[in-house]
Every structure is written in C-alpha cells, then in structure tokens.
Amino acid sequence: MKYLHTIFTMTLVCLMTSCSNGKLEEKGFQVSTTISDNYENNQTNGLNRDSLKINTRPSSVLLTGVPNVRLTTIYKVNMNKNNNSTFIGSNNFHYGYEYTEGNNWNNNLMPGLRAVYGYNMVNISHYDIKENTQKNFFEKPVLIKTLYYPTFSKDTLNYKPVDRDYFIVSVYNDDTNKDGFINLKDLRRLYLFNINGDIQKALIPENYSVFKSEYDPDNDFMYVFAQLDSNNNGQQDEGEPIHIFWIDLKAPNKTGRQY
C-alpha cells in the first residue's frame, strides 16, 4: 500500500514567511521593562518600552473530536500604524492530502489531528460543555506557532478509525535569550496537554528549539527535528547540533531520540 509521507511545515523559514498572514512576521511582545541594547528596533511591535500590557481578543471556536470540548484561539491586538487601526490574527490550517484505500485523513495534516496557526496567537481557551468550565492553556500570554487538536472529522489509518484525546502545542513560552521580548528569536518548545487542557510534559527537552517535523504513517510517529542550545544562550545559533526525536501519536507520553 502506498503512503504519501506528509511533511509538517514547522520550519522557522516557513513560520516567518508563508505561514503568517500576508508577509507579516510574528514580532511577539514585550515581557520586561529592561531591554537589551542590541535588540533591533524595539518599537516595531507597537508597544512602548515601559508598558507590558497586552490587549487580547478571541477569534474562532474550534470543534474538536471530543463533543464536550471546544477551543477558542486568542490573539494579541496589533496596531496598524498606517491608519491607526487595530487588528488581530485569524486562524489558518495546515493540510495533508493522504487518501488511499483504508486511509482517509479528510485533508488534515495527520490522521486524527488538525493543525491551526495564526499571526500572534497568544493563548488557547478550553471550554468543557458538560462541566460548564473555562480555562486557558497558559497562565500568561505566549507566542503559539501551532496547535494540534483532535479532528472533528472521522479519519482512518490502515482501515482503522483514529481517535486522539490530547493536544500538542508548539510555542515560544519564555524569553529564553533575555532580550525583554518573547518572539521568534527565543527557543521554541513542544508541549503535550491532556483532553482537559492540563499540561502534561515537554515532548522535547526544553534546552532544544524545534524547527521541523515529519509524519511516519507506518508507525503513526511524529519525528521532530530540534536544535540543541549547546552554549546555553537561549537562542538558535549556526553550527549547534541538530537531533531527531520521535513521538508515538498513539500514546504521546512515549517519546525518544533516534539521532
């Protein structure tokens, strides 16, 4: 049986160009009033150096494959300096096109998982319809690159239905390089959340920065390429070693390093 090995577009190049709205780059936001002198063009993110307030707005409701769980993407309010107006990002989706006998992913990136991204997405709201409870994935604003969540569609892999009961979030969640901002210059992490929206673990060690991943349909594995911050300066530097980790999507608590 022939498979098309779908490749995630998680590379930094894609995230800074085609994976953002138009030609915008995710400038992130200020998290400290002490800004390093070598930070270029501190005013470009629309925040004053002495202000840490971030205005946010909800965007769209995401229908998950778990009937009682609905997610809402939350975006930073951005300022358009050209006409003195505000705007937020909007949801975009990564797509896969696997459709062979016994394999119908319904155009999702991977069977059972839908992948959403957007310009300056800073949090995710989790709502449980049965319990009538709401909470955010993160206690404070972060810069989310990709959210993977259970599909509303009925996907199949090798003739079998695929049901996921977890979330995976690719995120810049800390000012790792200590320049006063959370943005694309920091380390990018990958976290597992359970279906209740509670964080479980870092799927990749936090001293790495994730930049690419691939899907293996034969094993239902996600391969993650990540760069080790070997000099501990909190950013990606040319020449630092790159390693490959695997995540068993059938049981994502099972992970390992293959290279």
# chains A, B, ... in the order shown; residues from 1 in each chain; ligands from 1
$ residues_around --residues "Asn91 in chain A" --least-positions-apart "4" --cutoff "8 Å" --atoms "only C-alpha atoms" --output "list in words"
Ser59, Ser60, Thr73, Val116, Tyr117 and Gly118 of chain A
$ write_last_selection --atoms "N, CA and C atoms" --output "compact mmCIF listing (two decimals), in the first residue's frame"
# COMPACT_ATOMS: atom_id res chain seq x y z
N SER A 59 -10.79 34.75 18.83
CA SER A 59 -11.04 34.64 17.39
C SER A 59 -12.14 33.62 17.16
N SER A 60 -11.81 32.43 16.67
CA SER A 60 -12.81 31.45 16.28
C SER A 60 -12.90 30.30 17.28
N THR A 73 -9.33 30.21 20.00
CA THR A 73 -8.00 30.81 19.83
C THR A 73 -8.04 32.27 20.26
N VAL A 116 -3.66 24.15 13.57
CA VAL A 116 -4.05 25.54 13.34
C VAL A 116 -2.92 26.47 13.76
N TYR A 117 -2.77 27.57 13.03
CA TYR A 117 -1.76 28.58 13.35
C TYR A 117 -2.32 29.95 13.00
N GLY A 118 -1.67 31.00 13.46
CA GLY A 118 -2.12 32.35 13.15
C GLY A 118 -1.16 33.39 13.68
$ select_by_dssp --residues "range 50-107 of chain A" --states "strand (DSSP E)" --output "PyMOL selection string"
chain A and resi 56-63+69-76+78-80+85-87+92-94+99-100+103-104
$ write_last_selection --atoms "C-alpha atoms" --output "CSV table (one decimal), in the first residue's frame"
chain,number,residue,atom,x,y,z
A,56,THR,CA,-6.2,40.3,23.5
A,57,ARG,CA,-9.3,39.2,21.7
A,58,PRO,CA,-10.9,35.8,21.0
A,59,SER,CA,-11.0,34.6,17.4
A,60,SER,CA,-12.8,31.4,16.3
A,61,VAL,CA,-14.3,28.4,18.1
A,62,LEU,CA,-12.6,25.1,17.1
A,63,LEU,CA,-14.7,22.0,17.1
A,69,VAL,CA,-14.6,20.1,24.4
A,70,ARG,CA,-14.4,23.3,22.4
A,71,LEU,CA,-11.4,25.5,22.0
A,72,THR,CA,-11.1,29.3,21.3
A,73,THR,CA,-8.0,30.8,19.8
A,74,ILE,CA,-6.9,34.1,21.5
A,75,TYR,CA,-4.9,36.7,19.6
A,76,LYS,CA,-2.9,39.7,20.6
A,78,ASN,CA,-2.0,44.6,17.0
A,79,MET,CA,-1.7,48.2,15.9
A,80,ASN,CA,-1.7,49.2,12.2
A,85,SER,CA,-6.4,50.9,13.5
A,86,THR,CA,-6.2,47.6,15.3
A,87,PHE,CA,-6.4,44.1,14.1
A,92,ASN,CA,-5.1,29.2,9.3
A,93,PHE,CA,-4.8,25.5,8.9
A,94,HIS,CA,-2.1,23.1,7.7
A,99,TYR,CA,-6.3,9.5,0.5
A,100,THR,CA,-5.6,5.9,-0.4
A,103,ASN,CA,-6.6,5.9,4.7
A,104,ASN,CA,-8.8,9.0,4.7
$ atom_distance --atom1 "CA of Arg114 in chain A" --atom2 "CA of Ser213 in chain A"
14.8 Å
$ closest_atom_pairs --of "range 143-193 of chain A" --to "range 246-254 of chain A" --cutoff "9 Å" --atoms "only C-alpha atoms" --output "JSON lines"
{"residue": "A:Val162", "atom": "CA", "partner": "A:Lys250", "partner_atom": "CA", "distance": 8.9}
{"residue": "A:Asp163", "atom": "CA", "partner": "A:Lys250", "partner_atom": "CA", "distance": 8.8}
{"residue": "A:Arg164", "atom": "CA", "partner": "A:Lys250", "partner_atom": "CA", "distance": 7.7}
{"residue": "A:Tyr166", "atom": "CA", "partner": "A:Pro252", "partner_atom": "CA", "distance": 8.5}
{"residue": "A:Leu192", "atom": "CA", "partner": "A:Pro252", "partner_atom": "CA", "distance": 7.7}
$ closest_atom_pairs --of "range 65-120 of chain A" --to "range 222-228 of chain A" --cutoff "12 Å" --atoms "only C-alpha atoms" --output "tab-separated table"
residue	atom	partner	partner_atom	distance
A:Leu109	CA	A:Met222	CA	11.4
A:Met110	CA	A:Met222	CA	9.2
A:Pro111	CA	A:Met222	CA	11.4
A:Leu113	CA	A:Met222	CA	11.4
$ write_last_selection --atoms "C-alpha atoms" --output "PDB file, in the first residue's frame"
ATOM      1  CA  LEU A 109      -2.235  17.338   8.414  1.00  0.00           C
ATOM      2  CA  MET A 110      -2.096  13.962  10.156  1.00  0.00           C
ATOM      3  CA  PRO A 111      -4.839  11.399  10.755  1.00  0.00           C
ATOM      4  CA  LEU A 113      -5.046  15.731  14.324  1.00  0.00           C
TER       5      LEU A 113
END
$ residues_around --residues "Asn207 in chain A" --least-positions-apart "6" --cutoff "8 Å" --atoms "only C-alpha atoms" --output "PDB file with N, CA and C atoms, in the first residue's frame"
ATOM      1  N   LEU A 187      13.792  30.166  22.148  1.00  0.00           N
ATOM      2  CA  LEU A 187      13.696  28.732  21.892  1.00  0.00           C
ATOM      3  C   LEU A 187      12.235  28.331  21.743  1.00  0.00           C
ATOM      4  N   LEU A 228      19.887  21.850  19.522  1.00  0.00           N
ATOM      5  CA  LEU A 228      20.315  21.939  20.907  1.00  0.00           C
ATOM      6  C   LEU A 228      20.941  23.307  21.185  1.00  0.00           C
ATOM      7  N   ASP A 229      20.497  23.941  22.260  1.00  0.00           N
ATOM      8  CA  ASP A 229      21.108  25.202  22.692  1.00  0.00           C
ATOM      9  C   ASP A 229      22.366  24.863  23.484  1.00  0.00           C
ATOM     10  N   ASN A 232      23.925  27.510  25.743  1.00  0.00           N
ATOM     11  CA  ASN A 232      23.031  27.998  26.794  1.00  0.00           C
ATOM     12  C   ASN A 232      22.785  29.504  26.752  1.00  0.00           C
ATOM     13  N   GLY A 234      20.116  30.685  25.051  1.00  0.00           N
ATOM     14  CA  GLY A 234      18.678  30.853  24.894  1.00  0.00           C
ATOM     15  C   GLY A 234      18.216  31.204  23.507  1.00  0.00           C
TER      16      GLY A 234
END
$ closest_residue --among "A:Thr255, A:Asn107, A:Ser209, A:Thr151" --to "Glu240 in chain A" --atoms "only C-alpha atoms"
A:Ser209
$ atom_distance --atom1 "CA of Thr146 in chain A" --atom2 "CA of Val169 in chain A"
5.9 Å
